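Note: the block below is target-v6.cif and it holds mmCIF, C-alpha atoms.
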```cif
data_protein
#
loop_
_atom_site.group_PDB
_atom_site.id
_atom_site.type_symbol
_atom_site.label_atom_id
_atom_site.label_comp_id
_atom_site.auth_asym_id
_atom_site.auth_seq_id
_atom_site.Cartn_x
_atom_site.Cartn_y
_atom_site.Cartn_z
ATOM 1 C CA MET R 8 9.307 10.441 2.899
ATOM 2 C CA GLN R 9 9.212 9.554 6.569
ATOM 3 C CA LYS R 10 10.560 12.237 8.892
ATOM 4 C CA MET R 11 11.070 12.124 12.660
ATOM 5 C CA TRP R 12 12.381 14.339 15.449
ATOM 6 C CA LEU R 13 13.050 13.083 18.965
ATOM 7 C CA SER R 14 13.595 15.188 22.083
ATOM 8 C CA LEU R 15 13.649 14.775 25.857
ATOM 9 C CA GLY R 16 13.372 17.504 28.462
ATOM 10 C CA LEU R 17 11.872 19.042 31.580
ATOM 11 C CA LEU R 18 9.407 21.908 31.975
ATOM 12 C CA SER R 19 10.945 25.340 32.216
ATOM 13 C CA SER R 20 10.841 27.388 35.413
ATOM 14 C CA VAL R 21 10.564 30.716 33.530
ATOM 15 C CA PRO R 22 7.079 32.242 32.966
ATOM 16 C CA PHE R 23 6.791 31.007 29.364
ATOM 17 C CA LEU R 24 9.339 29.514 27.005
ATOM 18 C CA THR R 25 8.758 28.588 23.372
ATOM 19 C CA HIS R 26 10.784 25.985 21.506
ATOM 20 C CA ALA R 27 10.306 25.331 17.794
ATOM 21 C CA TYR R 28 11.364 22.020 16.244
ATOM 22 C CA CYS R 29 11.387 21.929 12.426
ATOM 23 C CA ILE R 30 12.420 19.487 9.715
ATOM 24 C CA ASP R 31 13.524 20.797 6.315
ATOM 25 C CA ASP R 32 11.965 24.145 7.282
ATOM 26 C CA TRP R 33 8.635 22.572 6.354
ATOM 27 C CA ALA R 34 6.991 20.573 9.149
ATOM 28 C CA CYS R 35 7.296 21.901 12.703
ATOM 29 C CA PHE R 36 5.922 21.611 16.184
ATOM 30 C CA ASP R 37 6.009 24.434 18.728
ATOM 31 C CA LYS R 38 6.245 23.756 22.443
ATOM 32 C CA ILE R 39 5.154 26.553 24.812
ATOM 33 C CA SER R 40 5.834 25.747 28.462
ATOM 34 C CA ASN R 41 6.371 26.952 32.009
ATOM 35 C CA LYS R 42 6.602 25.077 35.296
ATOM 36 C CA GLN R 43 2.848 24.478 35.404
ATOM 37 C CA LYS R 44 1.770 23.602 31.845
ATOM 38 C CA VAL R 45 2.848 22.907 28.287
ATOM 39 C CA GLU R 46 1.070 23.442 24.973
ATOM 40 C CA TYR R 47 1.863 21.836 21.617
ATOM 41 C CA TRP R 48 1.136 23.309 18.202
ATOM 42 C CA LEU R 49 1.700 21.701 14.799
ATOM 43 C CA ARG R 50 2.852 24.026 12.022
ATOM 44 C CA ASN R 51 3.210 23.842 8.238
ATOM 45 C CA ASN R 52 5.722 26.325 6.798
ATOM 46 C CA LYS R 53 4.962 25.635 3.125
ATOM 47 C CA PRO R 54 2.022 26.279 0.768
ATOM 48 C CA TYR R 55 1.391 22.537 0.286
ATOM 49 C CA PRO R 56 -0.576 20.170 2.573
ATOM 50 C CA ILE R 57 1.154 17.782 4.947
ATOM 51 C CA THR R 58 0.139 15.097 7.432
ATOM 52 C CA SER R 59 1.849 15.479 10.830
ATOM 53 C CA THR R 60 1.836 13.308 13.941
ATOM 54 C CA LEU R 61 3.101 14.322 17.372
ATOM 55 C CA GLU R 62 3.555 11.688 20.072
ATOM 56 C CA VAL R 63 4.109 12.849 23.646
ATOM 57 C CA THR R 64 5.039 10.571 26.536
ATOM 58 C CA THR R 65 4.854 12.265 29.927
ATOM 59 C CA ARG R 66 5.409 11.820 33.625
ATOM 60 C CA ASN R 67 3.193 13.832 35.979
ATOM 61 C CA LEU R 68 1.451 15.735 33.162
ATOM 62 C CA HIS R 69 -2.132 15.257 31.993
ATOM 63 C CA SER R 70 -4.574 16.899 29.632
ATOM 64 C CA THR R 71 -7.741 18.440 31.047
ATOM 65 C CA ASP R 72 -9.966 15.515 30.055
ATOM 66 C CA LYS R 73 -7.552 12.570 30.067
ATOM 67 C CA LYS R 74 -5.074 11.206 32.553
ATOM 68 C CA ARG R 75 -2.535 9.041 30.787
ATOM 69 C CA VAL R 76 1.165 8.916 29.995
ATOM 70 C CA HIS R 77 1.041 8.703 26.192
ATOM 71 C CA TYR R 78 -0.705 11.006 23.708
ATOM 72 C CA SER R 79 -0.758 10.758 19.900
ATOM 73 C CA GLU R 80 -2.158 13.562 17.754
ATOM 74 C CA THR R 81 -2.342 13.512 13.944
ATOM 75 C CA ARG R 82 -3.491 16.431 11.805
ATOM 76 C CA VAL R 83 -3.656 17.320 8.129
ATOM 77 C CA LEU R 84 -2.279 20.849 7.857
ATOM 78 C CA GLY R 85 -3.162 23.095 4.953
ATOM 79 C CA PRO R 86 -0.855 25.753 3.499
ATOM 80 C CA PHE R 87 0.927 27.695 6.267
ATOM 81 C CA GLU R 88 -1.520 26.339 8.851
ATOM 82 C CA ARG R 89 -0.765 26.213 12.591
ATOM 83 C CA VAL R 90 -3.045 24.410 15.046
ATOM 84 C CA LYS R 91 -2.933 23.625 18.764
ATOM 85 C CA VAL R 92 -3.160 19.872 19.308
ATOM 86 C CA LEU R 93 -2.443 19.283 22.984
ATOM 87 C CA SER R 94 -2.444 21.102 26.327
ATOM 88 C CA LEU R 95 -0.986 19.462 29.446
ATOM 89 C CA SER R 96 -0.878 20.555 33.072
ATOM 90 C CA VAL R 97 1.124 19.376 36.067
ATOM 91 C CA PHE R 98 -0.812 16.766 38.023
ATOM 92 C CA ASP R 99 1.174 16.774 41.276
ATOM 93 C CA PRO R 100 3.283 19.927 41.913
ATOM 94 C CA LEU R 101 5.432 18.025 44.421
ATOM 95 C CA ARG R 102 6.621 15.503 41.840
ATOM 96 C CA SER R 103 9.061 16.045 38.979
ATOM 97 C CA THR R 104 7.879 16.131 35.367
ATOM 98 C CA ARG R 105 9.430 14.726 32.242
ATOM 99 C CA ILE R 106 8.443 14.765 28.571
ATOM 100 C CA LYS R 107 9.532 12.861 25.481
ATOM 101 C CA GLU R 108 8.326 13.833 22.011
ATOM 102 C CA ASN R 109 8.330 11.935 18.725
ATOM 103 C CA PHE R 110 7.501 13.917 15.589
ATOM 104 C CA PHE R 111 6.596 12.478 12.174
ATOM 105 C CA TRP R 112 5.357 13.963 8.920
ATOM 106 C CA THR R 113 4.874 13.278 5.235
ATOM 107 C CA PRO R 114 3.697 15.421 2.290
ATOM 108 C CA GLY R 115 0.083 15.038 1.195
ATOM 109 C CA ILE R 116 -3.308 14.416 2.743
ATOM 110 C CA GLN R 117 -3.873 11.546 5.166
ATOM 111 C CA ASN R 118 -5.978 8.741 3.659
ATOM 112 C CA ALA R 119 -6.698 10.794 0.533
ATOM 113 C CA ALA R 120 -9.472 9.190 -1.538
ATOM 114 C CA HIS R 121 -7.844 8.311 -4.840
ATOM 115 C CA ASP R 122 -9.822 8.892 -8.033
ATOM 116 C CA ASP R 123 -9.851 5.285 -9.242
ATOM 117 C CA SER R 124 -11.492 6.283 -12.531
ATOM 118 C CA TYR R 125 -8.409 8.219 -13.606
ATOM 119 C CA ARG R 126 -6.197 6.630 -16.294
ATOM 120 C CA TYR R 127 -2.559 7.682 -15.970
ATOM 121 C CA ALA R 128 -0.278 8.358 -18.894
ATOM 122 C CA LEU R 129 2.960 6.413 -18.948
ATOM 123 C CA PRO R 130 5.723 8.568 -17.428
ATOM 124 C CA TYR R 131 7.737 8.906 -20.640
ATOM 125 C CA SER R 132 7.202 10.227 -24.164
ATOM 126 C CA ALA R 133 4.585 8.680 -26.427
ATOM 127 C CA ASN R 134 7.073 7.630 -29.110
ATOM 128 C CA HIS R 135 9.158 5.476 -26.726
ATOM 129 C CA SER R 136 8.713 2.218 -24.836
ATOM 130 C CA PHE R 137 10.757 0.806 -21.974
ATOM 131 C CA ARG R 138 10.964 -2.547 -20.263
ATOM 132 C CA LEU R 139 9.159 -2.858 -16.939
ATOM 133 C CA VAL R 140 11.838 -4.433 -14.720
ATOM 134 C CA GLN R 141 9.803 -4.437 -11.503
ATOM 135 C CA GLY R 142 6.071 -4.007 -11.066
ATOM 136 C CA VAL R 143 3.391 -4.615 -8.464
ATOM 137 C CA ASN R 144 4.607 -6.894 -5.660
ATOM 138 C CA GLY R 145 8.102 -6.956 -7.155
ATOM 139 C CA GLY R 146 10.381 -9.182 -5.118
ATOM 140 C CA PHE R 147 13.371 -6.828 -4.974
ATOM 141 C CA SER R 148 11.816 -3.773 -3.290
ATOM 142 C CA HIS R 149 8.135 -3.393 -4.257
ATOM 143 C CA HIS R 150 6.424 -4.535 -1.113
ATOM 144 C CA GLY R 151 4.873 -2.777 1.848
ATOM 145 C CA ALA R 152 4.616 0.946 1.187
ATOM 146 C CA SER R 153 5.882 0.553 -2.389
ATOM 147 C CA ARG R 154 3.769 -2.452 -3.330
ATOM 148 C CA TYR R 155 2.088 -0.696 -6.280
ATOM 149 C CA ALA R 156 5.181 0.971 -7.748
ATOM 150 C CA TYR R 157 6.592 0.590 -11.271
ATOM 151 C CA ASP R 158 10.254 0.544 -12.330
ATOM 152 C CA TYR R 159 11.090 1.244 -15.981
ATOM 153 C CA ALA R 160 14.620 0.491 -17.196
ATOM 154 C CA MET R 161 15.813 3.457 -19.240
ATOM 155 C CA PRO R 162 19.167 5.003 -20.100
ATOM 156 C CA VAL R 163 20.399 7.882 -17.975
ATOM 157 C CA GLY R 164 19.133 11.105 -19.482
ATOM 158 C CA THR R 165 15.818 9.765 -20.797
ATOM 159 C CA PRO R 166 13.037 12.409 -20.712
ATOM 160 C CA VAL R 167 10.491 11.828 -17.919
ATOM 161 C CA HIS R 168 6.966 13.189 -18.355
ATOM 162 C CA ALA R 169 4.152 13.850 -15.875
ATOM 163 C CA ALA R 170 1.615 11.017 -15.750
ATOM 164 C CA ARG R 171 -1.092 13.330 -14.384
ATOM 165 C CA ASN R 172 -1.793 17.019 -13.863
ATOM 166 C CA GLY R 173 -0.754 18.480 -10.536
ATOM 167 C CA GLN R 174 1.463 20.842 -8.572
ATOM 168 C CA VAL R 175 5.147 20.275 -7.793
ATOM 169 C CA ILE R 176 5.455 20.249 -3.992
ATOM 170 C CA ASP R 177 8.886 18.712 -3.468
ATOM 171 C CA LEU R 178 12.012 17.950 -5.471
ATOM 172 C CA GLN R 179 15.680 17.083 -5.167
ATOM 173 C CA GLN R 180 18.326 17.083 -7.876
ATOM 174 C CA LYS R 181 21.756 17.677 -6.277
ATOM 175 C CA HIS R 182 22.837 14.066 -5.682
ATOM 176 C CA ASN R 183 25.184 11.954 -7.825
ATOM 177 C CA LYS R 184 25.319 8.701 -5.841
ATOM 178 C CA GLY R 185 23.426 5.451 -6.295
ATOM 179 C CA GLY R 186 23.697 1.730 -5.616
ATOM 180 C CA ALA R 187 21.872 -1.512 -4.832
ATOM 181 C CA SER R 188 21.764 -0.881 -1.077
ATOM 182 C CA ARG R 189 19.272 1.014 1.052
ATOM 183 C CA ARG R 190 22.117 3.095 2.450
ATOM 184 C CA TYR R 191 21.934 5.014 -0.834
ATOM 185 C CA SER R 192 18.242 5.896 -0.374
ATOM 186 C CA ARG R 193 18.951 9.399 0.877
ATOM 187 C CA PHE R 194 20.794 10.219 -2.347
ATOM 188 C CA ALA R 195 17.790 9.838 -4.653
ATOM 189 C CA ASN R 196 16.836 12.738 -6.897
ATOM 190 C CA PHE R 197 13.080 13.049 -7.347
ATOM 191 C CA VAL R 198 10.003 15.103 -8.157
ATOM 192 C CA THR R 199 6.780 14.932 -6.100
ATOM 193 C CA ILE R 200 3.545 16.145 -7.710
ATOM 194 C CA LEU R 201 0.358 16.725 -5.695
ATOM 195 C CA HIS R 202 -2.815 15.633 -7.517
ATOM 196 C CA THR R 203 -6.258 17.183 -7.121
ATOM 197 C CA ASP R 204 -7.478 14.195 -5.070
ATOM 198 C CA GLY R 205 -4.741 14.704 -2.440
ATOM 199 C CA THR R 206 -2.503 11.843 -3.568
ATOM 200 C CA THR R 207 1.056 12.381 -4.782
ATOM 201 C CA GLY R 208 2.880 11.129 -7.857
ATOM 202 C CA GLU R 209 6.507 10.246 -7.140
ATOM 203 C CA TYR R 210 9.236 10.139 -9.826
ATOM 204 C CA TYR R 211 12.512 8.791 -8.398
ATOM 205 C CA HIS R 212 16.190 8.146 -9.301
ATOM 206 C CA LEU R 213 16.435 11.182 -11.578
ATOM 207 C CA GLN R 214 19.682 12.429 -13.077
ATOM 208 C CA GLN R 215 21.782 14.916 -11.134
ATOM 209 C CA TYR R 216 20.497 18.411 -11.963
ATOM 210 C CA GLY R 217 18.008 16.737 -14.260
ATOM 211 C CA VAL R 218 14.813 18.260 -12.808
ATOM 212 C CA LYS R 219 13.066 20.599 -15.256
ATOM 213 C CA VAL R 220 10.244 21.932 -13.076
ATOM 214 C CA THR R 221 10.205 24.276 -10.093
ATOM 215 C CA LEU R 222 8.569 24.155 -6.665
ATOM 216 C CA GLY R 223 4.983 25.346 -6.829
ATOM 217 C CA GLU R 224 4.744 24.922 -10.588
ATOM 218 C CA HIS R 225 1.492 23.521 -11.959
ATOM 219 C CA VAL R 226 2.276 20.835 -14.515
ATOM 220 C CA THR R 227 0.080 19.200 -17.104
ATOM 221 C CA ARG R 228 -0.174 15.560 -18.082
ATOM 222 C CA GLY R 229 2.601 14.721 -20.551
ATOM 223 C CA GLN R 230 4.784 17.706 -19.608
ATOM 224 C CA LEU R 231 8.541 17.188 -19.389
ATOM 225 C CA ILE R 232 9.508 17.211 -15.705
ATOM 226 C CA GLY R 233 13.069 15.852 -15.764
ATOM 227 C CA TYR R 234 15.527 13.234 -16.950
ATOM 228 C CA SER R 235 16.003 9.722 -15.623
ATOM 229 C CA GLY R 236 19.119 8.648 -13.786
ATOM 230 C CA ASN R 237 20.555 6.083 -11.402
ATOM 231 C CA THR R 238 20.609 7.905 -8.058
ATOM 232 C CA GLY R 239 19.551 6.631 -4.649
ATOM 233 C CA PHE R 240 18.630 3.006 -3.917
ATOM 234 C CA SER R 241 18.989 1.810 -7.503
ATOM 235 C CA SER R 242 20.590 -1.294 -8.988
ATOM 236 C CA LEU R 243 20.430 -0.067 -12.605
ATOM 237 C CA PRO R 244 19.440 3.098 -14.486
ATOM 238 C CA HIS R 245 15.659 3.314 -14.221
ATOM 239 C CA LEU R 246 12.651 5.417 -13.303
ATOM 240 C CA HIS R 247 10.585 4.549 -10.226
ATOM 241 C CA PHE R 248 7.008 5.804 -10.489
ATOM 242 C CA ALA R 249 4.119 5.359 -8.056
ATOM 243 C CA VAL R 250 1.109 7.164 -6.647
ATOM 244 C CA TYR R 251 1.073 7.478 -2.860
ATOM 245 C CA GLN R 252 -1.418 8.195 -0.104
ATOM 246 C CA ALA R 253 -0.145 9.876 3.083
ATOM 247 C CA LYS R 254 -0.654 8.049 6.391
ATOM 248 C CA SER R 255 -0.107 9.028 10.007
ATOM 249 C CA HIS R 256 3.246 8.707 11.821
ATOM 250 C CA GLY R 257 5.259 9.690 8.739
ATOM 251 C CA LYS R 258 4.079 6.677 6.761
ATOM 252 C CA TYR R 259 2.690 6.420 3.261
ATOM 253 C CA GLN R 260 1.233 3.761 0.994
ATOM 254 C CA SER R 261 1.338 3.309 -2.762
ATOM 255 C CA LEU R 262 -2.014 2.830 -4.466
ATOM 256 C CA PRO R 263 -3.172 0.641 -7.354
ATOM 257 C CA ILE R 264 -3.577 2.709 -10.524
ATOM 258 C CA ASN R 265 -4.536 2.147 -14.149
ATOM 259 C CA PHE R 266 -2.746 3.424 -17.233
ATOM 260 C CA VAL R 267 -4.169 4.395 -20.599
ATOM 261 C CA SER R 268 -4.080 1.487 -23.047
ATOM 262 C CA SER R 269 -2.149 3.608 -25.550
ATOM 263 C CA GLN R 270 -0.717 7.137 -25.536
ATOM 264 C CA ARG R 271 0.284 7.322 -29.178
#
```
Could you express the structure from this file as structure tokens?
Amino acid sequence: MQKMWLSLGLLSSVPFLTHAYCIDDWACFDKISNKQKVEYWLRNNKPYPITSTLEVTTRNLHSTDKKRVHYSETRVLGPFERVKVLSLSVFDPLRSTRIKENFFWTPGIQNAAHDDSYRYALPYSANHSFRLVQGVNGGFSHHGASRYAYDYAMPVGTPVHAARNGQVIDLQQKHNKGGASRRYSRFANFVTILHTDGTTGEYYHLQQYGVKVTLGEHVTRGQLIGYSGNTGFSSLPHLHFAVYQAKSHGKYQSLPINFVSSQR
């Protein structure tokens, strides 16, 4: 989920020059500059909320109310929103200027307040049961951001169902690689569902071309959303399910949740 863009450059000598830096054609920042000043805007190209952070380290540039070398601006951007977050001007015209930017983002709403009263359905059909091979604080990989995740061992091709109502805001299904090493993480197939409280439900390691929902689709609790697999950072065929809260700087944190006692 964490995304980052790094760049290094000088102010332009032309009247105004705009550079746009985007990741996955979703999260962007725009830089509008000339030899005297530079403005930064954060932009969301999709109809789903994101949390973006822009860090700017400067030499000989300051904002109107602060004189420092490092600025960090985080915003929650709604659908297709664009906001100005920083304006800098040259402090000493006889000195050179230099800028370095770090850009981070993650889907969802920063520090979303989870509805702790909600009871999630298990993420598979009511007439099946599967062994929980790794739960909360699991020693293999469920620590830090994934502390409250659940891994269910299930054969490849097992139907996966939505644990809660929401809207599909991200998915991937093209990959066919997996293994017990983090170098395989980028090959995970998944579905991300945005809940009404701003948290996201994440369903990972799905089968190649096994996603059965579309971007923007509103799904209901218990609806078929795909089929389990063994893609990404995965040591055996299983489904990884967790509910996450977006944080600043491209970070995220899983949240403790409760399931219904029975869904039969």
Checklist line | Nearby residues, (20.1, 3.1, -8.1) file frame, 9 Å, only C-alpha atoms, as a VMD selection string | finding: chain R and resid 184 to 188 191 to 192 195 212 236 to 245
Notebook entry, point to check: Which of these residues is nearest to Trp48 in chain R, using only C-alpha atoms: R:Ala34, R:Val92, R:Val140, R:Ile264?
Noted result: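 Among the listed residues, R:Val92 lies closest to Trp48 in chain R.
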Next item on the list: Scan for residues within 12 Å of the point (1.3, 4.4, 5.8) in the coordinates of the file, using all atoms listed in the file, and reply as a PyMOL selection string.
Entry: chain R and resi 8-9+58+111-119+151-154+251-262
Next item on the list: Write out as a VMD selection string each polymer residue whose atoms come within 10 Å of range 165-171 of chain R, counting all atoms listed in the file; drop sequence neighbours fewer than 3 positions from it.
Entry: chain R and resid 125 to 133 135 161 to 162 174 198 200 to 203 207 to 210 213 to 214 217 to 219 226 to 236 244 to 246 248 to 250 266
Note to self: Please list as an MDAnalysis selection string every residue within 7 Å of Thr25 in chain R, counting all atoms listed in the file and excluding residues in the same chain fewer than 4 positions away.
What the structure shows: chainID R and resid 37:40
Item checked: Target residues per the PyMOL selection byres ((chain R and resi 53) around 10), formatted as a PyMOL selection string -> chain R and resi 32-34+50-52+54-57+84-88+176+223
Note to self: Please report the interatomic distance between CA of Leu24 in chain R and CA of Asn109 in chain R in Å with one decimal.
What the structure shows: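 That distance, rounded to one decimal, is 19.5 Å.
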Notebook entry, point to check: Quick one, how far is CA of Arg89 in chain R from CA of Ser59 in chain R?
Noted result: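 Going from CA of Arg89 in chain R over to CA of Ser59 in chain R, I get 11.2 Å.
Here the PyMOL selection byres ((chain R and resi 180) around 6) catches exactly these residues: Gln179, Lys181, His182, Asn196, Gln215 and Tyr216 of chain R.
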Next item on the list: May I ask which of the residues R:Thr81, R:Ser94, R:Asn183, R:Thr64 is the closest one to Lys44 in chain R, counting only C-alpha atoms?
Entry: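 Residue with the minimum atom-to-atom distance to Lys44 in chain R: R:Ser94.
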Notebook entry, point to check: In Å, with one decimal, what is the gap from CA of Lys42 in chain R to CA of Leu61 in chain R?
Noted result: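 If I compute the distance from CA of Lys42 in chain R to CA of Leu61 in chain R, I get 21.2 Å.
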Checklist line | Pick from R:Ser79, R:Ser148, R:Ser136, R:Asn172 nearest to Ala160 in chain R, counting only C-alpha atoms | finding: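 When distances to Ala160 in chain R are compared using only C-alpha atoms, the smallest one comes from R:Ser136.
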Note to self: My list of candidates is R:Val267, R:Ala120, R:Leu68, R:Val76. Which is closest to Ser103 in chain R when distances are computed with only C-alpha atoms?
What the structure shows: R:Leu68
With only C-alpha atoms as the counted atoms, please give the residues lying no more than 8 Å from Leu93 in chain R, apart from itself and same-chain residues fewer than 6 positions off, as a PDB file with C-alpha atoms, keeping the file's coordinate frame.
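What landed in around-v7.pdb:
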```pdb
ATOM      1  CA  GLU R  46       1.070  23.442  24.973  1.00  0.00           C
ATOM      2  CA  TYR R  47       1.863  21.836  21.617  1.00  0.00           C
ATOM      3  CA  TRP R  48       1.136  23.309  18.202  1.00  0.00           C
ATOM      4  CA  SER R  70      -4.574  16.899  29.632  1.00  0.00           C
ATOM      5  CA  GLU R  80      -2.158  13.562  17.754  1.00  0.00           C
TER       6      GLU R  80
END
```
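Considering the residues R:Phe98, R:Tyr78, R:Phe36, R:Tyr159 and counting all atoms listed in the file, Phe137 in chain R has its shortest atom-to-atom contact with R:Tyr159.
Minimum distance to Pro263 in chain R across R:Arg138, R:His26, R:His150, R:His121 (counting all atoms listed in the file) occurs at R:His121.
Neighbouring residues of His69 in chain R at 8 Å or closer, counting only C-alpha atoms and skipping chain neighbours under 3 positions away, are R:Thr65, R:Lys73, R:Lys74, R:Arg75, R:Val76, R:Leu95, R:Ser96, R:Val97, R:Phe98.
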Next item on the list: List the neighbours of Val63 in chain R out to 6 Å using only C-alpha atoms; skip same-chain residues closer than 5 positions along the sequence, and give me the result as a list in words.
Entry: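 Residues near the query, excluding close chain neighbours: His77, Tyr78, Lys107 and Glu108 of chain R.
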Using the selection just defined, write its residues with C-alpha atoms as a PDB file, in the coordinates of the input.
```
ATOM      1  CA  HIS R  77       1.041   8.703  26.192  1.00  0.00           C
ATOM      2  CA  TYR R  78      -0.705  11.006  23.708  1.00  0.00           C
ATOM      3  CA  LYS R 107       9.532  12.861  25.481  1.00  0.00           C
ATOM      4  CA  GLU R 108       8.326  13.833  22.011  1.00  0.00           C
TER       5      GLU R 108
END
```
